[in-house]
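Structure data (compact mmCIF, C-alpha atoms) from query-v8.txt:
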```txt
# COMPACT_ATOMS: atom_id res chain seq x y z
CA MET A 1316 0.00 0.00 0.00
CA THR A 1317 1.30 3.46 -0.92
CA ARG A 1318 0.25 6.90 0.21
CA THR A 1319 0.93 10.42 -1.01
CA GLU A 1320 -0.35 13.85 -0.03
CA SER A 1321 -2.73 16.24 -1.80
CA PRO A 1322 -4.56 14.30 -2.98
CA ALA A 1323 -3.87 11.35 -0.72
CA ARG A 1324 -4.13 7.94 -2.29
CA THR A 1325 -3.84 4.22 -1.66
CA VAL A 1326 -3.32 1.31 -4.04
CA VAL A 1327 -4.28 -2.30 -3.30
CA THR A 1328 -4.85 -5.50 -5.25
CA ALA A 1329 -8.47 -6.60 -5.45
CA LEU A 1330 -10.86 -8.36 -7.85
CA GLY A 1331 -7.83 -9.66 -9.73
CA THR A 1332 -6.66 -6.15 -10.61
CA THR A 1333 -5.29 -2.90 -9.18
CA ALA A 1334 -7.61 -0.77 -7.08
CA LEU A 1335 -6.62 2.87 -6.63
CA LEU A 1336 -8.40 5.25 -4.28
CA ALA A 1337 -7.62 8.98 -4.08
CA VAL A 1338 -9.19 11.66 -1.87
CA LEU A 1339 -8.76 15.44 -1.86
CA GLU A 1340 -8.42 15.67 1.93
CA PRO A 1341 -5.66 13.45 3.37
CA ASP A 1342 -7.49 13.16 6.70
CA ALA A 1343 -10.39 11.48 4.88
CA LEU A 1344 -8.33 8.66 3.42
CA GLU A 1345 -8.80 6.20 6.27
CA ALA A 1346 -12.60 6.53 6.23
CA ALA A 1347 -12.67 6.24 2.43
CA GLU A 1348 -10.50 3.13 2.63
CA ARG A 1349 -13.01 1.48 4.94
CA VAL A 1350 -15.74 2.10 2.37
CA MET A 1351 -13.57 0.72 -0.43
CA HIS A 1352 -12.58 -2.46 1.38
CA ALA A 1353 -16.16 -3.18 2.45
CA GLU A 1354 -17.48 -2.67 -1.09
CA LEU A 1355 -14.75 -4.76 -2.73
CA ALA A 1356 -15.36 -7.63 -0.30
CA ALA A 1357 -19.12 -7.45 -0.85
CA ILE A 1358 -18.95 -7.44 -4.67
CA ASP A 1359 -16.54 -10.38 -4.60
CA VAL A 1360 -18.83 -12.47 -2.39
CA ALA A 1361 -21.86 -11.57 -4.49
CA CYS A 1362 -20.54 -11.70 -8.07
CA SER A 1363 -17.27 -13.66 -8.37
CA ARG A 1364 -17.57 -16.66 -10.68
CA PHE A 1365 -14.22 -17.90 -9.36
CA ARG A 1366 -15.48 -18.49 -5.82
CA PRO A 1367 -17.62 -21.60 -5.23
CA ASP A 1368 -19.09 -19.88 -2.18
CA SER A 1369 -20.13 -16.71 -4.02
CA GLU A 1370 -23.81 -15.94 -4.36
CA ILE A 1371 -23.71 -16.06 -8.16
CA SER A 1372 -21.99 -19.47 -8.11
CA ARG A 1373 -24.86 -20.89 -6.06
CA LEU A 1374 -27.60 -19.99 -8.54
CA LEU A 1375 -29.49 -23.11 -9.65
CA ALA A 1376 -30.60 -23.58 -13.24
CA GLY A 1377 -34.34 -23.82 -13.70
CA THR A 1378 -35.12 -22.63 -10.18
CA ALA A 1379 -36.27 -19.20 -9.03
CA THR A 1380 -33.50 -18.17 -6.63
CA PRO A 1381 -33.89 -15.12 -4.36
CA VAL A 1382 -30.75 -12.97 -4.34
CA GLY A 1383 -29.34 -10.36 -2.00
CA PRO A 1384 -29.56 -6.62 -2.71
CA LEU A 1385 -26.04 -6.27 -4.15
CA LEU A 1386 -26.32 -9.19 -6.57
CA ALA A 1387 -29.79 -7.93 -7.46
CA GLU A 1388 -28.32 -4.55 -8.35
CA ALA A 1389 -25.50 -6.18 -10.34
CA ILE A 1390 -27.91 -8.37 -12.31
CA ALA A 1391 -30.21 -5.44 -13.02
CA VAL A 1392 -27.24 -3.36 -14.23
CA ALA A 1393 -26.01 -6.19 -16.47
CA LEU A 1394 -29.41 -6.77 -18.04
CA LEU A 1395 -29.87 -3.04 -18.65
CA ALA A 1396 -26.44 -2.91 -20.31
CA ALA A 1397 -27.48 -5.78 -22.59
CA GLN A 1398 -30.71 -4.04 -23.49
CA GLN A 1399 -29.00 -0.69 -24.17
CA THR A 1400 -26.37 -2.30 -26.43
CA ASP A 1401 -28.74 -4.66 -28.30
CA GLY A 1402 -26.94 -7.60 -26.74
CA MET A 1403 -23.36 -6.53 -27.55
CA VAL A 1404 -22.67 -6.64 -23.80
CA ASP A 1405 -24.45 -9.77 -22.58
CA PRO A 1406 -24.17 -11.43 -19.14
CA THR A 1407 -25.01 -14.89 -20.56
CA VAL A 1408 -21.48 -15.29 -22.01
CA GLY A 1409 -20.42 -17.28 -18.93
CA HIS A 1410 -19.84 -20.59 -20.74
CA ALA A 1411 -18.14 -18.84 -23.68
CA VAL A 1412 -15.65 -17.06 -21.42
CA ARG A 1413 -14.84 -20.32 -19.64
CA ALA A 1414 -14.41 -22.14 -22.95
CA LEU A 1415 -11.76 -19.59 -23.95
CA GLY A 1416 -9.82 -20.53 -20.82
CA TYR A 1417 -10.84 -17.73 -18.45
CA ASP A 1418 -12.13 -20.11 -15.81
CA ARG A 1419 -10.15 -18.90 -12.78
CA ASP A 1420 -8.48 -15.77 -11.44
CA PHE A 1421 -6.33 -14.32 -14.19
CA ALA A 1422 -3.18 -14.71 -12.11
CA ASP A 1423 -3.76 -18.50 -12.11
CA ILE A 1424 -4.40 -18.93 -15.86
CA ASP A 1425 -1.91 -20.91 -17.94
CA LEU A 1426 -0.85 -18.15 -20.31
CA ASP A 1427 0.41 -20.51 -23.02
CA GLY A 1428 -1.62 -23.71 -22.99
CA ALA A 1429 -1.32 -26.43 -25.60
CA ASP A 1430 -4.94 -27.64 -25.53
CA PRO A 1431 -7.01 -26.44 -28.51
CA LEU A 1432 -10.11 -24.37 -27.92
CA PRO A 1433 -13.56 -25.93 -28.39
CA ALA A 1434 -15.76 -24.67 -31.20
CA PRO A 1435 -17.31 -21.37 -30.06
CA GLN A 1436 -21.03 -21.13 -29.41
CA ALA A 1437 -23.10 -17.96 -29.33
CA ALA A 1438 -24.33 -16.74 -25.95
CA PRO A 1439 -27.88 -17.94 -25.14
CA GLY A 1440 -29.08 -14.34 -24.84
CA TRP A 1441 -29.75 -12.01 -21.93
CA TRP A 1442 -33.50 -12.03 -22.62
CA ARG A 1443 -33.65 -15.67 -21.52
CA VAL A 1444 -32.81 -14.75 -17.92
CA GLY A 1445 -35.89 -14.68 -15.72
CA TRP A 1446 -35.71 -11.64 -13.47
CA ASP A 1447 -38.33 -9.92 -11.32
CA GLY A 1448 -36.02 -7.65 -9.34
CA HIS A 1449 -35.71 -10.07 -6.43
CA SER A 1450 -35.34 -13.61 -7.83
CA VAL A 1451 -33.47 -14.92 -10.86
CA VAL A 1452 -34.26 -17.95 -13.01
CA LEU A 1453 -31.44 -19.27 -15.20
CA PRO A 1454 -32.50 -21.67 -17.96
CA ARG A 1455 -30.44 -24.85 -18.16
CA GLY A 1456 -27.23 -24.25 -20.07
CA VAL A 1457 -27.04 -20.55 -19.13
CA ALA A 1458 -24.21 -19.23 -16.96
CA LEU A 1459 -23.88 -15.61 -15.94
CA ASP A 1460 -20.67 -13.61 -16.18
CA LEU A 1461 -21.06 -10.10 -14.78
CA GLY A 1462 -17.43 -9.16 -15.41
CA ALA A 1463 -18.28 -6.52 -18.01
CA THR A 1464 -20.33 -4.46 -15.54
CA ALA A 1465 -19.80 -5.58 -11.93
CA LYS A 1466 -16.33 -4.04 -11.57
CA ALA A 1467 -17.59 -0.74 -12.96
CA LEU A 1468 -20.58 -0.90 -10.61
CA SER A 1469 -18.20 -1.37 -7.71
CA ALA A 1470 -16.21 1.72 -8.77
CA ASP A 1471 -19.45 3.74 -8.87
CA ARG A 1472 -20.55 2.50 -5.46
CA ILE A 1473 -17.18 3.10 -3.79
CA ALA A 1474 -16.77 6.63 -5.15
CA THR A 1475 -20.28 7.84 -4.35
CA ARG A 1476 -20.41 6.22 -0.92
CA ALA A 1477 -16.91 7.34 0.09
CA ALA A 1478 -17.67 10.90 -1.01
CA ALA A 1479 -20.89 10.88 1.00
CA ALA A 1480 -19.14 9.43 4.07
CA THR A 1481 -16.20 11.86 4.03
CA GLY A 1482 -17.56 15.01 2.40
CA THR A 1483 -14.51 15.29 0.17
CA GLY A 1484 -13.71 14.54 -3.44
CA VAL A 1485 -13.00 10.91 -4.31
CA LEU A 1486 -11.53 9.10 -7.30
CA VAL A 1487 -11.67 5.32 -7.68
CA SER A 1488 -9.95 3.30 -10.39
CA LEU A 1489 -10.51 -0.46 -10.58
CA GLY A 1490 -8.31 -1.82 -13.33
CA GLY A 1491 -8.85 1.29 -15.45
CA ASP A 1492 -12.57 1.66 -14.64
CA VAL A 1493 -12.70 5.15 -13.11
CA ARG A 1494 -15.39 7.03 -11.18
CA VAL A 1495 -15.13 10.39 -9.43
CA ALA A 1496 -17.57 11.91 -6.94
CA GLY A 1497 -17.80 14.87 -4.62
CA PRO A 1498 -15.76 18.08 -4.85
CA THR A 1499 -13.26 18.30 -7.71
CA PRO A 1500 -9.65 19.55 -7.83
CA ASP A 1501 -9.29 22.98 -9.41
CA ASP A 1502 -8.07 21.48 -12.70
CA GLY A 1503 -10.23 18.34 -12.47
CA TRP A 1504 -9.14 14.79 -11.80
CA ARG A 1505 -6.27 14.02 -14.18
CA ILE A 1506 -6.49 10.48 -15.58
CA ALA A 1507 -3.79 8.64 -17.53
CA VAL A 1508 -5.12 6.71 -20.53
CA GLY A 1509 -3.39 3.85 -22.35
CA ASP A 1510 -3.57 0.22 -23.45
CA ASP A 1511 -2.41 -0.95 -20.01
CA HIS A 1512 -3.83 0.93 -17.02
CA GLU A 1513 -0.77 0.18 -14.86
CA ARG A 1514 1.80 1.21 -17.46
CA ALA A 1515 -0.26 4.31 -18.26
CA LEU A 1516 0.43 5.65 -14.76
CA VAL A 1517 4.11 5.90 -15.75
CA ASP A 1518 3.93 6.39 -19.52
CA PRO A 1519 0.41 7.41 -20.59
CA ASP A 1520 -0.71 7.69 -24.18
CA LEU A 1521 -2.87 10.62 -23.10
CA VAL A 1522 -3.80 12.50 -19.96
CA VAL A 1523 -7.35 13.81 -19.67
CA SER A 1524 -9.20 15.69 -16.95
CA ILE A 1525 -12.73 14.97 -15.72
CA ALA A 1526 -14.82 16.78 -13.13
CA ALA A 1527 -17.65 14.28 -12.74
CA GLY A 1528 -18.88 10.87 -13.81
CA GLY A 1529 -16.86 7.95 -15.08
CA LEU A 1530 -14.26 6.94 -17.62
CA ALA A 1531 -13.55 3.36 -18.66
CA THR A 1532 -11.03 1.72 -20.97
CA SER A 1533 -11.56 -1.69 -22.55
CA SER A 1534 -8.45 -3.22 -24.08
CA THR A 1535 -7.63 -6.39 -25.99
CA ALA A 1536 -3.93 -5.78 -25.32
CA ARG A 1537 -4.21 -6.72 -21.65
CA ARG A 1538 -5.45 -9.95 -20.05
CA THR A 1539 -4.44 -12.06 -23.02
CA TRP A 1540 -3.32 -15.69 -23.14
CA ARG A 1541 -2.67 -18.37 -25.76
CA ARG A 1542 -4.29 -21.71 -26.52
CA ALA A 1543 -2.66 -24.01 -29.09
CA GLY A 1544 -0.86 -21.05 -30.65
CA ARG A 1545 -3.89 -18.75 -30.77
CA THR A 1546 -4.00 -15.52 -28.74
CA VAL A 1547 -7.32 -14.84 -27.00
CA HIS A 1548 -8.54 -12.34 -24.42
CA HIS A 1549 -11.34 -11.59 -21.98
CA ILE A 1550 -13.78 -9.71 -24.24
CA VAL A 1551 -16.34 -11.99 -25.94
CA ASP A 1552 -18.65 -11.27 -28.85
CA PRO A 1553 -21.99 -12.70 -27.64
CA ARG A 1554 -23.08 -13.27 -31.24
CA THR A 1555 -20.34 -15.84 -31.79
CA GLY A 1556 -19.06 -16.86 -28.35
CA ASP A 1557 -15.56 -16.03 -29.61
CA ILE A 1558 -13.32 -12.98 -29.27
CA PRO A 1559 -14.44 -10.11 -31.53
CA ALA A 1560 -13.00 -9.67 -35.00
CA GLY A 1561 -9.86 -7.60 -34.43
CA ARG A 1562 -10.37 -3.88 -35.13
CA TRP A 1563 -9.78 -2.03 -31.87
CA ARG A 1564 -6.86 -2.51 -29.52
CA THR A 1565 -8.23 -0.07 -26.95
CA VAL A 1566 -11.43 1.93 -26.49
CA SER A 1567 -11.82 4.61 -23.79
CA VAL A 1568 -15.20 6.24 -23.11
CA ALA A 1569 -16.36 9.01 -20.76
CA ALA A 1570 -19.94 8.89 -19.47
CA ALA A 1571 -22.19 9.85 -16.56
CA THR A 1572 -21.21 6.75 -14.56
CA CYS A 1573 -18.47 4.15 -14.71
CA VAL A 1574 -21.06 1.51 -15.60
CA ASP A 1575 -22.22 3.57 -18.58
CA ALA A 1576 -18.63 4.17 -19.69
CA ASN A 1577 -17.61 0.52 -19.35
CA THR A 1578 -20.74 -0.70 -21.10
CA ALA A 1579 -20.01 1.56 -24.05
CA SER A 1580 -16.29 0.79 -24.26
CA THR A 1581 -16.93 -2.97 -24.18
CA ALA A 1582 -19.71 -2.69 -26.78
CA ALA A 1583 -17.41 -0.66 -29.03
CA VAL A 1584 -14.75 -3.38 -29.03
CA VAL A 1585 -17.40 -5.94 -29.99
CA LEU A 1586 -18.99 -3.71 -32.66
CA GLY A 1587 -15.72 -3.22 -34.55
CA ASP A 1588 -16.10 -0.99 -37.62
CA ALA A 1589 -19.53 0.22 -36.50
CA ALA A 1590 -18.25 1.50 -33.14
CA PRO A 1591 -17.40 5.14 -34.02
CA GLY A 1592 -20.85 5.75 -35.48
CA TRP A 1593 -22.54 3.98 -32.56
CA LEU A 1594 -20.66 6.13 -30.03
CA THR A 1595 -21.28 9.33 -32.01
CA ASP A 1596 -25.02 8.63 -32.18
CA ARG A 1597 -25.04 8.39 -28.37
CA ARG A 1598 -22.89 11.52 -27.97
CA LEU A 1599 -20.31 9.63 -25.94
CA PRO A 1600 -16.77 11.08 -25.95
CA ALA A 1601 -14.46 8.21 -26.87
CA ARG A 1602 -10.96 7.41 -28.05
CA LEU A 1603 -10.54 4.30 -30.21
CA VAL A 1604 -7.12 2.88 -31.05
CA ASP A 1605 -6.92 0.32 -33.85
CA LEU A 1606 -4.48 -2.59 -34.07
CA ASP A 1607 -1.96 -0.44 -35.98
CA GLY A 1608 -2.10 2.36 -33.40
CA ALA A 1609 -4.23 4.79 -35.44
CA VAL A 1610 -6.56 6.87 -33.24
CA ILE A 1611 -10.18 7.89 -33.87
CA THR A 1612 -12.07 10.15 -31.45
CA THR A 1613 -15.77 10.88 -31.10
CA ALA A 1614 -18.10 13.45 -29.54
CA GLY A 1615 -15.53 15.93 -28.26
CA TRP A 1616 -12.87 13.62 -26.85
CA PRO A 1617 -9.70 15.77 -26.66
CA GLU A 1618 -7.46 15.02 -29.63
CA ARG A 1619 -4.26 16.59 -28.32
CA ARG A 1620 -2.05 15.27 -25.54
CA ALA A 1621 -2.41 17.24 -22.34
CA ALA A 1622 0.64 19.00 -20.94
```

Using structure tokens, write down the structure from this file.
Amino acid sequence: MTRTESPARTVVTALGTTALLAVLEPDALEAAERVMHAELAAIDVACSRFRPDSEISRLLAGTATPVGPLLAEAIAVALLAAQQTDGMVDPTVGHAVRALGYDRDFADIDLDGADPLPAPQAAPGWWRVGWDGHSVVLPRGVALDLGATAKALSADRIATRAAAATGTGVLVSLGGDVRVAGPTPDDGWRIAVGDDHERALVDPDLVVSIAAGGLATSSTARRTWRRAGRTVHHIVDPRTGDIPAGRWRTVSVAAATCVDANTASTAAVVLGDAAPGWLTDRRLPARLVDLDGAVITTAGWPERRAA
């Protein structure tokens, strides 16, 4: 854990990634940390598909299962993301993600396995999930993976709750999923953007400033592994059950919340060539980097590197 002054910050490992918390008032850091640790523990117990004791792992196919308030919120967020993206971000990709080899914490994955991948199968479809706001019914053969939205939801919850608890400005970054809340520094919260959120802190491709809301980056250059000579990653096209056709290396999006930003950045990677128009139609500022490093921006994303 590290700590600096003005703003004060702390960095920990959680949810298989790096969690950074920054506050404007150093005296508020301890209270904000308590909020962060409680939220990270709660989202892990509710939503982790790598824990046999998690609430999501205990859902039974074909049976209406009541769920707790946090998993209920996470499921509702995931289903709304699927609806808003016409299924480009779909929580029923659970079996497809596992088939690609992402069946455990990323740190434990064999990064260069020899076993070939099974033939991909399209996701069953988010609309098949029975949901009444309190209980969930999963049809047989459907497995949920909330990875595309649950981490962003956690960033939103930590930032807003820590700001409310401390009365100061808060920034949270969970593996590049960023949310700010409360009072803002005079020049805004400065955020490093790049293919790799950890490397970007030292050598960013771009530095932007935000005063409110969220910013998320989805990248196919990080969390990659190989199976029988083929490189795969953690983003799945629900239409095929395979990784998307390669167009974008990285997509960063700014939006009202981290969930909105992450939903859009993930959908853009899946959409490929159609992504710039899709983002423009929704007036979402975005930066898209293709496999050759060429950059396209939409809806007012700053085109020049900040000083």

* Closest to Leu1459 in chain A among A:Pro1439, A:Pro1406, A:Pro1433, A:Pro1384, using all atoms listed in the file? ->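 The answer is A:Pro1406, which sits nearest to Leu1459 in chain A.
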
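All residues that come within 10 Å of the coordinates (-7.3, -9.0, -11.0), counting only C-alpha atoms, are given as Thr1328, Ala1329, Leu1330, Gly1331, Thr1332, Thr1333, Ala1334, Asp1420, Phe1421, Ala1422, Leu1489, Gly1490 and Arg1538 of chain A.
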
* Residues near Gly1497 in chain A, cut-off 6 Å, all atoms listed in the file, skip fewer than 3 positions along chain, as a ChimeraX atom specification -> /A:1478,1483-1484

* Grab the CA of Ala1526 in chain A to CA of Ile1611 in chain A distance for me, in Å with one decimal place. =>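 Computing it gives 23.0 Å between the two atoms.
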
* Which of these, A:Pro1381, A:Gly1561, A:Gly1462, A:Pro1454, has the shortest distance to Tyr1417 in chain A once you count all atoms listed in the file? -> A:Gly1462
